[in-house]
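Visitor: For reference, the structure I am asking about is given below.
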Amino acid sequence: MLAAAALSWLLTRPSAPEPPAATPSGAAATALPPARYVDNRQCLGCHQDAAQAWAASHHAKAMAPATENSVRGDFNDTRFRHQGVTSRFFRRDGRFFVHTDGPDGRMADFEVKYSFGHAPLQQYLIETDGGRLQPLQIAWNTEKHEWFHLLPHEKAPPGDVLHWSGRYQTANTMCIACHTTGFEKRYDAAQDRFDSRWLEVNVSCQSCHGPGSLHVDWADKKARGGTDATQPLPRHGLLADLKTPQAQVAVCAACHSRRSELTALPVPGEPHLDHYLPSLLREGLYHADGQQLDEVFVVGSYRQSKMYRMGVACTACHDPHSAKPKLPGNALCTQCHDPKANPAFPSATGSFDTPQHHHHPAGSAGAQCTACHMPAKNYMIVQPRPDHSMRIPRPDLSVSLGTPNACNQCHGDKTAQWAADAVTKWFGTPKRPPHYGEVLNAARRGAPEAPQALAAIVADAALPPNVRATALDHLRGSAAGVKERVAATTDADAEVRAAAAASLEDVGPSLAVPTLAPLLRDPVRAVRIAAARSLAPLPHEQFDAPTRQAFDAALAEYVAAQKMALDMPGPNLNLGVLYARTGRDVEAESFYKAALKIDPDFTPARANLAQFYAERGRLPEAERVLRDGLKREPGIGELQYSLGLLLAEAQRLPEAADALERASKLLPQRARVHYNLGLARQQLGQPKLAEAALRRARELAPADPGIVYALAVLHAQQGRRADALREAEALQQLQPGNPQAAQLLQRLRAGG
């Protein structure tokens with residue numbers, strides 16, 4: 001059986017024919033007309049102080065038609081060479097052009113339609129076939145006043161998804177939603193075309209405050225001397241409540257986070273998880289200890305911080321309209337972290353801006369609070385982004401986990417151990433509980449002790465919700481932590497509930513139905529669709545009539561989100577998995593193929609399609625899918641491993657062993673790869689090679705009973721009774737109640 005590829009949750013913004021109107025919450029909501037977006041000039045005309053601050057912000061300049069006022073790059077017949085292609089930037093008739101390699105590989109002139117961003121870099125959008133707006137990967141460094149390439153080491157020729165004209169660069173999908181107000185992607189999968197629209201070509205007032213028509217009506221009535229007392233409007237008709245820290249962070253998270261979109265047109269002020277699914281602390285996105293790794297923006301880090309848990313809002317540090325820091329340097333932090341207590345956060349009181357605390361010369365770079373607690377990392381080559389988890393530097397974790405730390409970011413010529421020793425010298429050996437990063441690191445390695453530790457994280461309500469949700473994600477498919485996962489379905493945090501629902505996809509119906517059925521009526525969309533997806537493979541006779549009705553509605557929400565985002569491979573994969581699990585084979589195969597048509601190197605879709613064929617006895621087709629992928633990318637270990645298992649299933653053991661041998665080189669830390677290689681060598685009568693593979697598997701997963709049993713059987717077949725007995729006794733210690741282990745041990749002790 002092929003190992004199942006993980007279900008992708010990569011969703012992109014669905015489209016809708018018209019911007020939906022939104023209704024404010026509150027006692028009078030049912031009596032009010034729906035709120036609609038208005039011309040942003042109406043906002044700016046009344047709120048002039050805010051308008052002035054906003055006009056100078058990056059939000060106001062997030063995107064603009066290409067004009068003399070918006071374009072900052074040098075288009076005076078300048079040239080830039082990358083990977084053998086010389087691009088030329090020039091002007092013609094007052095418009096801006098670049099002469100570069102197009103999607104067909106030919107050099108041609110392309111007009112710049114929009115500037116994108118303002119500082120420290122600016123990109124340029126080019127309109128191509130199918131309504132696509134594609135950002136050039138050659139960007140303008142606004143500080144050094146030079147062109148540079150955003151993927152300097154990537155070889156992405158025309159036709160590749162990472163070429164500037166490729167699908168993974170399409171701004172309609174990847175970028176514009178957070179650079180405009182009221183964006184609608186409007187993708188037609190049948191025609192493979194976009195008809196994207198927006199209400200304001202920048203991040204304007206209503207991006208944060210929500211549609212403004214009711215507020216404008218209220219203001220007009222007030223100006224005429226009217227009163228709204230008979231029809232009170234929450235927040236004067238504005239949908240978003242920006243007074244509470246949690247609501248404020250949720251509004252900012254719509255763009256300042258790594259997340260997937262669940263609906264066509266999110267409305268500021270509505271529950272965040274009604275419209276988005278935040279990315280968890282997954283490998284490749286975050287370091288094991290939760291520090292930023294890939295471009296995850298801000299909120300996923302901030303939600304790990306003590307600041308967030310204590311109720312510190314974004315505007316405690318940032319001006320809400322200019323988005324700039326409210327105070328310079330350490331003064332920003334000493335608003336609270338100062339001997340003079342801040343009444344709002346008295347627990348933050350203390351003397352921190354002193355050499356006795358930071359152990360650096362006063363006024364030096366090392367004495368800045370952000371240097372130690374918010375180390376920055378460059379994204380898009382030139383944009384430094386401070387890590388908003390605001391954590392205590394932990395060079396000791398760098399020693400044990402290999403994660404970065406603020407100390408060595410400055411002292412790059414020193415070791416992590418040197419930094420850890422310095423911290424111990426300054427502050428002594430702290431008494432602190434194990435860091436969740438140690439558990440997540442163990443889970444990423446597949447350590448046998450990880451599941452129980454993950455379950456403990458799930459149960460610890462003092463930990464950040466996205467940490468607990470990540471632990472739940474690691475427990476998917478595991479037999480461990482079921483009690484904790486079930487309990488998490490009633491957690492106060494919606495992200496935890498959604499992750500708990502997803503983690504229970506493989507439990508039996510007797511537990512799944514009563515546990516997940518209530519979540520089908522959860523007030524938050526992300527929770528409902530997670531519950532529906534986990535319940536989807538079960539026979540629907542298990543549901544009573546009300547549960548079936550709620551299930552159908554929640555599953556329809558999930559399917560709708562995928563179907564309106566089919567310009568990316570992830571949603572196609574999601575539907576392929578869903579339909580394969582529910583017996584709709586024609587649709588499943590179609591969506592798997594659609595995912596690979598978009599990106600032939602999308603490994604999860606290729607692995608799932610091969611598994612789909614194998615499970616239905618279509619082994620030649622499964623083999624073709626895998627070999628096609630390996631021909632394109634021979635170094636993909638998952639495909640080599642799947643091919644080895646497939647060939648073993650077809651009883652082509654010599655070929656299987658060769659494929660598994662290659663997989664073991666590509667996935668050297670995967671115990672099960674070595675285990676299956678050992679079994680194949682054993683069946684081929686190659687005991688020395690079999691033992692070497694199984695021993696390597698045992699080193700990587702010493703508590704895996706299957707590996708221990710395989711070693712015991714191998715030794716017994718070789719007549720090495722003492723070695724076999726030793727392994728059998730170890731197996732009994734691992735699984736005292738396992739009858740197979742008891743029988744093997746009894747037989748060996750009897751001399752059999």
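Starting from 1 in every chain, residues are counted up; chains themselves are A, B, ... following the order of the structure tokens, and ligands are numbered from 1 as listed.
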Can you tell me, as a PyMOL selection string, what residues are no more than 10 Å from region 565-569 of chain A when counting only C-alpha atoms, ignoring any on the same chain fewer than 4 positions away?
Guide: chain A and resi 8+10-15+167-168+170+172-174+185-190+192-194+261-264+560-561+573-575+591-600+602+604-605
Visitor: So that I can see what lies close to Ser347 (chain A), please list as a VMD selection string the residues with an atom at most 9 Å from it, counting only C-alpha atoms and leaving out residues fewer than 5 positions away in the same chain.
Guide: chain A and resid 336 to 337 341 to 342
Visitor: Nearest to Gln417 (chain A): which of A:Leu397, A:Leu619, A:Ala671, A:Leu677 is it, counting only C-alpha atoms?
Guide: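 Looking at the shortest contact to Gln417 (chain A), the residue is A:Leu397.
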Visitor: Near Gly637 (chain A), within 8 Å and counting only C-alpha atoms, which residues show up once chain neighbours fewer than 3 positions away are dropped, as a list in words?
Guide: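 My reading of the contact set: Gln640, Tyr641, Arg662, Ala663, Ser664, Leu666 and Leu667 of chain A.
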Visitor: Report as a Markdown table: every residue of region 185-292 of chain A with an atom at most 10 Å from region 449-471 of chain A, its closest pair of atoms, and their distance in Å to one decimal, counting only C-alpha atoms, with rows sorted by chain and ascending residue number.
Guide:
```
| residue | atom | partner | partner_atom | distance |
| --- | --- | --- | --- | --- |
| A:Pro278 | CA | A:Asn466 | CA | 8.5 |
| A:Ser279 | CA | A:Asn466 | CA | 8.6 |
| A:Leu280 | CA | A:Thr470 | CA | 5.5 |
| A:Leu281 | CA | A:Thr470 | CA | 5.9 |
| A:Arg282 | CA | A:Thr470 | CA | 7.2 |
| A:Asp289 | CA | A:Val467 | CA | 9.6 |
| A:Gly290 | CA | A:Val467 | CA | 8.1 |
```
Visitor: Just to be explicit: take each residue in the selection above, keep N, CA and C atoms, and write the result as a short mmCIF file (atom, residue, chain, number, x, y, z; two decimals), in the first residue's frame.
Guide:
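Resulting contents of result-v6.cif:
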```cif
data_model
loop_
_atom_site.label_atom_id
_atom_site.label_comp_id
_atom_site.auth_asym_id
_atom_site.auth_seq_id
_atom_site.Cartn_x
_atom_site.Cartn_y
_atom_site.Cartn_z
N PRO A 278 -5.57 30.00 9.27
CA PRO A 278 -4.16 30.36 9.48
C PRO A 278 -3.23 29.17 9.29
N SER A 279 -2.05 29.43 8.74
CA SER A 279 -1.05 28.38 8.63
C SER A 279 -0.52 28.02 10.01
N LEU A 280 -0.30 26.74 10.22
CA LEU A 280 0.24 26.28 11.50
C LEU A 280 1.76 26.41 11.47
N LEU A 281 2.39 26.02 12.58
CA LEU A 281 3.85 26.15 12.69
C LEU A 281 4.51 24.95 12.01
N ARG A 282 4.27 24.85 10.71
CA ARG A 282 4.72 23.68 9.96
C ARG A 282 6.18 23.82 9.53
N ASP A 289 11.03 25.74 16.97
CA ASP A 289 10.67 26.48 18.18
C ASP A 289 9.71 27.63 17.90
N GLY A 290 9.22 27.73 16.67
CA GLY A 290 8.22 28.74 16.33
C GLY A 290 8.77 30.02 15.74
#
```
Visitor: Give the strand (DSSP E) residues of region 41-79 of chain A, as DSSP finds them on the backbone, and put them as a PyMOL selection string.
Guide: chain A and resi 63-65+78-79
Visitor: Could you jot down the CA of Gly446 (chain A) to CA of Asp473 (chain A) separation for me, Å, one decimal place?
Guide: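 About the pair CA of Gly446 (chain A) and CA of Asp473 (chain A): they are 13.4 Å apart.
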Visitor: Report the residues of region 192-417 of chain A whose backbone DSSP state falls under helix (DSSP H, G or I), written as number ranges by chain.
Guide: A: 205-209, 213-223, 234-237, 245-253, 272-275, 299-302, 306-309, 314-316, 329-335, 346-348, 355-358, 365-367, 369-373, 395-401, 406-410, 416-417
Visitor: Suppose you want the space between CA of Glu655 (chain A) and CA of Ala588 (chain A); what is it in Å?
Guide: 29.2 Å
Visitor: If we count only C-alpha atoms, what is near Gln669 (chain A) at a cut-off of 12 Å, once residues fewer than 5 positions away on the same chain are taken out, given as a count of residues only?
Guide: 15
Visitor: What does the distance between CA of Arg258 (chain A) and CA of Val296 (chain A) come to in Å, to one decimal place?
Guide: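 Distance reported for this atom pair: 4.8 Å.
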Visitor: Using only C-alpha atoms for the distances, tell me which of A:Val482, A:Leu647, A:Ile392, A:Ala416 is nearest to Arg432 (chain A).
Guide: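 Selected residue with least distance to Arg432 (chain A): A:Ile392.
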Visitor: Hey, which of A:Arg525, A:His236, A:His358, A:Arg88 ends up closest to His215 (chain A)? Count only C-alpha atoms.
Guide: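 Distance minimum relative to His215 (chain A) lands on A:His236.
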Visitor: For Leu630 (chain A), find every residue with an atom within 12 Å (counting only C-alpha atoms), except residues of its own chain fewer than 3 positions away, and show them as a ChimeraX atom specification.
Guide: /A:600-603,606-607,623-627,633-643,659,662-663
